[in-house]
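Before any comments, here is the structure.
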Amino acid sequence: MRYDVCDRCGVKIPEGGLKYIVRVNIVADDDNIIPEDITDEELDAMISGIKEFDPDMLESDVHQELAFVLCKRCKEQWTRDPFNTMKDKLDIDEGWSGELH
Ligand SMILES: [Zn+2]
């Protein structure tokens with residue numbers, strides 16, 4: 001039987017079972033990347049510095065898309081606390097058999 005696996009807790013989600021796709025779109029805030037009062041020399045130095053970076057690294061620094069599969073329980077917990085600031089209060093193993101039926 002085909003199944004997906006929750007990226008958060010590892011539970012097997014059978015084909016056709018309830019699952020959620022979390023898409024994260026990370027975009028650099030482009031405000032103030034180039035200061036308004038920059039001199040031509042400073043701008044040239046910035047451009048030279050950028051040329052030394054790996055283009056793939058530069059791209060991921062500006063824009064990155066991630067996608068995760070979550071089971072229903074993890075989706076509910078993740079939406080309540082996406083940055084895991086309450087990790088001591090949300091125990092993903094508590095009362096969890098590890099498999100959806
Ligand atoms: Zn899960």
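Every chain in the structure tokens has a letter given in the order shown (A, B, ...), and although residue numbers restart at 1 in each chain, ligands are simply numbered from 1 in the order shown.
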Produce as number ranges by chain the set of residues near ligand 1, where near means within 8 Å with only C-alpha atoms and all ligand atoms considered. A: 5-11, 70-75, 92
Secondary structure check, strand (DSSP E) residues of stretch 4-53 of chain A, as a ChimeraX atom specification: /A:4-5,12-14,19-27
Just list the residues in stretch 2-98 of chain A DSSP gives alpha helix (DSSP H) on the backbone, as number ranges by chain. A: 40-51, 55-62, 72-80
Skip A:Ile21 itself and residues of its chain fewer than 6 positions away, then list as a list in words all residues within 8 Å of it, counting only C-alpha atoms.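 Residues meeting the cut-off are Ala67, Phe68, Val69 and Leu70 of chain A.
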Just N, CA and C atoms for this one: save the residues we selected as a PDB file, in the first residue's frame.
ATOM      1  N   ALA A  67       8.167  22.808   0.840  1.00  0.00           N
ATOM      2  CA  ALA A  67       6.859  22.159   0.979  1.00  0.00           C
ATOM      3  C   ALA A  67       7.002  20.960   1.906  1.00  0.00           C
ATOM      4  N   PHE A  68       6.024  20.799   2.783  1.00  0.00           N
ATOM      5  CA  PHE A  68       6.040  19.701   3.750  1.00  0.00           C
ATOM      6  C   PHE A  68       4.665  19.030   3.780  1.00  0.00           C
ATOM      7  N   VAL A  69       4.667  17.727   4.044  1.00  0.00           N
ATOM      8  CA  VAL A  69       3.418  16.981   4.238  1.00  0.00           C
ATOM      9  C   VAL A  69       3.188  16.889   5.749  1.00  0.00           C
ATOM     10  N   LEU A  70       1.977  17.217   6.170  1.00  0.00           N
ATOM     11  CA  LEU A  70       1.644  17.104   7.583  1.00  0.00           C
ATOM     12  C   LEU A  70       0.377  16.273   7.756  1.00  0.00           C
TER      13      LEU A  70
END
One decimal, in Å: what's the spacing between atom CA of A:Gln64 and atom CA of A:Pro82? 17.4 Å
What is the atom CA of A:Val24 to atom CA of A:Asp4 distance in Å?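 Answer for the atom CA of A:Val24 to atom CA of A:Asp4 separation: 18.9 Å.
Proximity of A:Val22, A:Gly16, A:Met1, A:Asp29 to A:Thr79, computed with only C-alpha atoms, is greatest for A:Val22.
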Quote the spacing between atom CA of A:Ser48 and atom CA of A:His63 in Å to one decimal place. 21.0 Å
Mind checking which residues fall within 10 Å of A:Glu65, counting only C-alpha atoms, ignoring those fewer than 3 positions away in the same chain, and posting them as a PDB file with C-alpha atoms, in the first residue's frame?
ATOM      1  CA  ARG A  23       4.081  25.486   1.388  1.00  0.00           C
ATOM      2  CA  VAL A  24       6.524  28.006   2.771  1.00  0.00           C
ATOM      3  CA  ASN A  25       7.493  30.896   0.528  1.00  0.00           C
ATOM      4  CA  ILE A  26      10.477  32.758   1.943  1.00  0.00           C
ATOM      5  CA  VAL A  27      11.156  36.106   0.281  1.00  0.00           C
ATOM      6  CA  SER A  60      18.150  30.922  -2.079  1.00  0.00           C
TER       7      SER A  60
END
Which residue of A:Asn84, A:Pro14, A:Asp30, A:Glu76 approaches A:Asp61 most closely, using only C-alpha atoms: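 Under the stated criterion, the closest residue is A:Asp30.
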Between A:Arg80, A:Met86, A:Glu42, A:Val62, single out the one closest to A:Ala28, counting only C-alpha atoms.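 Nearest to A:Ala28: A:Val62.
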